[in-house]
file data_0.cif (mmCIF, C-alpha atoms)
data_target
#
loop_
_atom_site.label_atom_id
_atom_site.label_comp_id
_atom_site.auth_asym_id
_atom_site.auth_seq_id
_atom_site.Cartn_x
_atom_site.Cartn_y
_atom_site.Cartn_z
CA MET A 1 0.00 0.00 0.00
CA THR A 2 1.43 3.36 -1.04
CA THR A 3 0.43 6.61 0.61
CA PHE A 4 0.98 10.14 -0.67
CA MET A 5 1.66 13.06 1.69
CA GLN A 6 2.48 16.70 1.14
CA ALA A 7 5.45 18.05 3.06
CA GLU A 8 6.96 21.47 3.45
CA LYS A 9 10.56 22.34 4.21
CA ARG A 10 11.23 23.82 7.61
CA THR A 11 14.12 25.70 9.09
CA HIS A 12 15.85 24.80 12.32
CA LEU A 13 13.42 25.79 15.08
CA ASN A 14 13.85 26.17 18.82
CA THR A 15 11.64 24.33 21.31
CA SER A 16 8.86 26.93 21.31
CA GLY A 17 8.90 27.11 17.50
CA LEU A 18 8.46 23.33 17.28
CA ARG A 19 5.67 23.46 19.86
CA ASN A 20 3.86 26.16 17.84
CA LEU A 21 4.30 24.08 14.67
CA ARG A 22 2.67 21.07 16.38
CA LYS A 23 -0.18 23.24 17.72
CA SER A 24 -0.91 24.35 14.15
CA GLY A 25 -1.49 20.70 13.14
CA ARG A 26 1.92 20.02 11.62
CA LEU A 27 4.31 17.22 12.60
CA PRO A 28 8.04 18.02 12.36
CA GLY A 29 10.28 15.41 10.80
CA ILE A 30 13.38 14.69 8.78
CA VAL A 31 13.98 12.86 5.51
CA PHE A 32 17.40 11.25 5.25
CA GLY A 33 19.07 8.71 3.03
CA ARG A 34 22.25 7.55 1.41
CA ASN A 35 23.83 10.03 -1.01
CA VAL A 36 21.17 12.68 -0.32
CA GLU A 37 21.17 15.70 1.92
CA ASN A 38 19.00 15.54 5.05
CA GLU A 39 15.85 17.66 4.74
CA MET A 40 13.94 19.04 7.71
CA VAL A 41 10.23 18.90 6.89
CA HIS A 42 6.80 19.08 8.43
CA ILE A 43 3.69 17.12 7.42
CA SER A 44 0.02 17.10 8.38
CA THR A 45 -0.43 15.43 11.77
CA ILE A 46 -3.99 14.36 10.83
CA GLU A 47 -2.82 12.66 7.61
CA PHE A 48 -0.02 10.90 9.46
CA HIS A 49 -2.43 9.70 12.20
CA ARG A 50 -4.73 8.36 9.48
CA TRP A 51 -1.81 6.43 7.98
CA LEU A 52 -0.87 5.03 11.40
CA LYS A 53 -4.43 3.79 12.01
CA GLN A 54 -4.42 2.00 8.64
CA GLY A 55 -1.50 -0.13 9.76
CA ALA A 56 1.51 2.14 9.21
CA SER A 57 3.17 -0.06 6.64
CA GLY A 58 4.48 0.32 3.15
CA PHE A 59 6.02 3.20 1.31
CA ILE A 60 5.04 6.81 1.65
CA HIS A 61 5.55 9.14 -1.29
CA ILE A 62 6.35 12.57 0.09
CA GLN A 63 5.97 15.51 -2.23
CA LEU A 64 8.19 18.28 -0.97
CA ASP A 65 7.23 21.85 -1.90
CA GLY A 66 5.68 20.87 -5.24
CA LYS A 67 8.76 18.99 -6.50
CA ASP A 68 8.84 15.34 -7.59
CA SER A 69 7.82 12.96 -4.82
CA VAL A 70 10.36 10.80 -3.03
CA SER A 71 9.73 7.29 -1.68
CA VAL A 72 10.36 6.92 2.03
CA LEU A 73 9.88 4.38 4.80
CA LEU A 74 9.05 5.25 8.40
CA GLU A 75 12.31 4.88 10.32
CA ASP A 76 11.46 6.28 13.75
CA LEU A 77 8.56 7.85 15.58
CA GLN A 78 8.89 9.91 18.74
CA ARG A 79 6.05 10.47 21.18
CA ASP A 80 5.70 12.60 24.27
CA PRO A 81 6.24 10.23 27.22
CA LEU A 82 3.28 11.62 29.18
CA THR A 83 0.63 12.53 26.62
CA ARG A 84 1.73 9.99 23.92
CA ASP A 85 1.25 12.76 21.34
CA LEU A 86 3.46 12.58 18.27
CA ILE A 87 6.40 14.99 18.47
CA HIS A 88 8.78 13.99 15.64
CA VAL A 89 9.08 11.51 12.76
CA ASP A 90 12.09 10.24 10.80
CA PHE A 91 11.78 8.99 7.23
CA GLN A 92 14.41 7.03 5.32
CA GLN A 93 14.51 7.85 1.62
CA VAL A 94 14.82 4.71 -0.51
CA GLN A 95 16.44 4.25 -3.89
CA THR A 96 14.81 1.63 -6.12
CA ASN A 97 18.13 -0.07 -6.90
CA GLU A 98 19.55 -0.16 -3.34
CA ILE A 99 18.86 -2.72 -0.62
CA VAL A 100 16.85 -1.29 2.27
CA CYS A 101 16.92 -2.47 5.87
CA THR A 102 13.59 -1.88 7.62
CA LYS A 103 11.01 -3.23 10.07
CA ILE A 104 7.97 -5.02 8.62
CA PRO A 105 4.78 -5.45 10.68
CA VAL A 106 3.55 -8.98 11.42
CA LYS A 107 -0.25 -9.27 11.50
CA PHE A 108 -1.63 -12.22 13.46
CA ILE A 109 -4.90 -13.56 12.06
CA GLY A 110 -7.55 -15.64 13.80
CA LYS A 111 -8.31 -16.64 17.38
CA PRO A 112 -6.20 -19.48 18.79
CA ILE A 113 -7.89 -22.73 19.87
CA GLY A 114 -6.11 -22.26 23.21
CA LEU A 115 -8.36 -19.29 24.05
CA LYS A 116 -11.36 -21.64 24.25
CA GLN A 117 -9.34 -23.81 26.64
CA GLY A 118 -8.80 -20.84 28.95
CA GLY A 119 -5.46 -19.65 27.59
CA VAL A 120 -4.35 -16.10 26.93
CA VAL A 121 -2.40 -14.70 24.01
CA GLN A 122 0.94 -13.12 24.90
CA LEU A 123 2.23 -10.83 22.16
CA GLN A 124 5.96 -10.18 22.33
CA SER A 125 6.63 -8.39 19.04
CA GLU A 126 4.62 -7.22 16.05
CA PHE A 127 7.62 -6.39 13.84
CA ILE A 128 10.56 -8.18 12.27
CA GLU A 129 13.62 -6.60 10.71
CA VAL A 130 14.46 -7.50 7.11
CA GLU A 131 16.41 -6.20 4.14
CA ALA A 132 15.61 -6.33 0.44
CA LEU A 133 15.25 -4.21 -2.65
CA PRO A 134 12.25 -1.88 -2.21
CA ARG A 135 10.16 -3.69 -4.85
CA HIS A 136 10.49 -6.99 -2.91
CA LEU A 137 9.59 -5.60 0.52
CA PRO A 138 6.18 -6.79 1.73
CA SER A 139 4.04 -4.12 3.38
CA VAL A 140 2.89 -6.63 6.02
CA ILE A 141 3.46 -10.30 6.86
CA GLU A 142 0.34 -12.23 7.86
CA TYR A 143 0.45 -15.32 10.08
CA ASP A 144 -2.56 -17.47 11.03
CA ILE A 145 -2.56 -18.30 14.76
CA SER A 146 -6.02 -19.94 14.85
CA GLY A 147 -4.50 -23.44 15.25
CA MET A 148 -2.42 -22.60 18.32
CA ASN A 149 -3.03 -24.49 21.59
CA ILE A 150 -1.93 -23.59 25.12
CA GLY A 151 1.84 -23.80 25.38
CA GLU A 152 2.55 -23.16 21.69
CA SER A 153 4.65 -20.27 20.43
CA VAL A 154 5.49 -18.62 17.12
CA TYR A 155 9.06 -17.57 16.37
CA VAL A 156 10.53 -15.50 13.55
CA LYS A 157 11.75 -18.74 11.90
CA ASP A 158 8.09 -19.84 11.53
CA LEU A 159 7.26 -16.95 9.17
CA ASP A 160 7.18 -17.53 5.43
CA LEU A 161 9.35 -14.97 3.61
CA SER A 162 10.10 -14.78 -0.10
CA SER A 163 13.61 -15.68 -1.23
CA GLU A 164 14.30 -12.03 -2.19
CA VAL A 165 13.90 -10.91 1.44
CA THR A 166 16.79 -11.41 3.89
CA LEU A 167 15.93 -11.79 7.56
CA ILE A 168 17.85 -9.55 9.97
CA SER A 169 15.91 -10.41 13.15
CA GLY A 170 17.08 -13.50 15.02
CA LYS A 171 15.37 -16.72 13.89
CA ASN A 172 14.66 -17.70 17.50
CA GLU A 173 13.12 -14.33 18.33
CA PHE A 174 9.80 -14.89 20.07
CA LEU A 175 6.70 -13.26 18.48
CA VAL A 176 3.53 -14.65 20.12
CA SER A 177 2.39 -17.55 22.32
CA VAL A 178 -0.72 -18.93 23.98
CA LEU A 179 -0.18 -19.34 27.72
CA LYS A 180 -2.09 -20.83 30.60
CA PRO A 181 -3.29 -17.96 32.82
#
call {"tool": "encode", "arguments": {"input": "data_0.cif", "output": "structure tokens"}}
result
Amino acid sequence: MTTFMQAEKRTHLNTSGLRNLRKSGRLPGIVFGRNVENEMVHISTIEFHRWLKQGASGFIHIQLDGKDSVSVLLEDLQRDPLTRDLIHVDFQQVQTNEIVCTKIPVKFIGKPIGLKQGGVVQLQSEFIEVEALPRHLPSVIEYDISGMNIGESVYVKDLDLSSEVTLISGKNEFLVSVLKP
């Protein structure tokens, strides 16, 4: 899924300038990448929230000040520790012919059998780290957990990835399990 967002360049602002920018509905951020100059930008907070609620995966095409759009991936998101409001976002610009290292969301589908037996689902991680050419990167990895019983776990090694995608996360990294309460 590809999303388009309008961005505007911003100058270096002090703390109160950034606070005023956020109050006006704009989210400060930076676009960085290999062989390109870092660009300080700001985007619509409402648009970005909408993208987050849709799953926050895939490429974003950012059009900066009416120029050609650039493809980016969300690299980092900073929130206020008390209010959980968004305060800053980092985007990594991707080149179509260069391998990209990024986090991909894992979406767990279904309700495990173990829930009917009184178990509870313990979610450890919803992301794995991979690298691939941008055209081979999946926007999300789905995994069906409906057959899981109490005491069963899913690890990174259990996910099915295409041969063009290289796994960076540890194969024995724990993702989800069904536990006895």
call {"tool": "closest_residue", "arguments": {"input": "data_0.cif", "among": "A:Lys67, A:Phe48, A:Lys9, A:Val94", "to": "Arg34 of chain A", "atoms": "all atoms listed in the file"}}
result
A:Val94
call {"tool": "resolve_selection", "arguments": {"input": "data_0.cif", "expression": "the PyMOL selection byres ((chain A and resi 158) around 12)", "output": "PyMOL selection string"}}
result
chain A and resi 106+128+141-145+153-157+159-161+167+170-176
call {"tool": "resolve_selection", "arguments": {"input": "data_0.cif", "expression": "the PyMOL selection byres ((chain A and resi 4) around 8)", "output": "list in words"}}
result
Thr2, Thr3, Met5, Gln6, Ile60, His61, Ile62 and Gln63 of chain A
call {"tool": "axis_aligned_box", "arguments": {"input": "data_0.cif", "around": "segment 20-27 of chain A", "padding_each_side": "8 Å", "output": "JSON"}}
result
{"center_x": 1.4, "center_y": 21.7, "center_z": 14.7, "size_x": 21.8, "size_y": 24.9, "size_z": 22.2}
call {"tool": "closest_residue", "arguments": {"input": "data_0.cif", "among": "A:Ser169, A:Glu98, A:Leu73, A:Val178", "to": "Ser139 of chain A", "atoms": "all atoms listed in the file"}}
result
A:Leu73
call {"tool": "closest_residue", "arguments": {"input": "data_0.cif", "among": "A:Asn38, A:Arg135, A:Gly66, A:Gly119", "to": "Pro181 of chain A", "atoms": "only C-alpha atoms"}}
result
A:Gly119
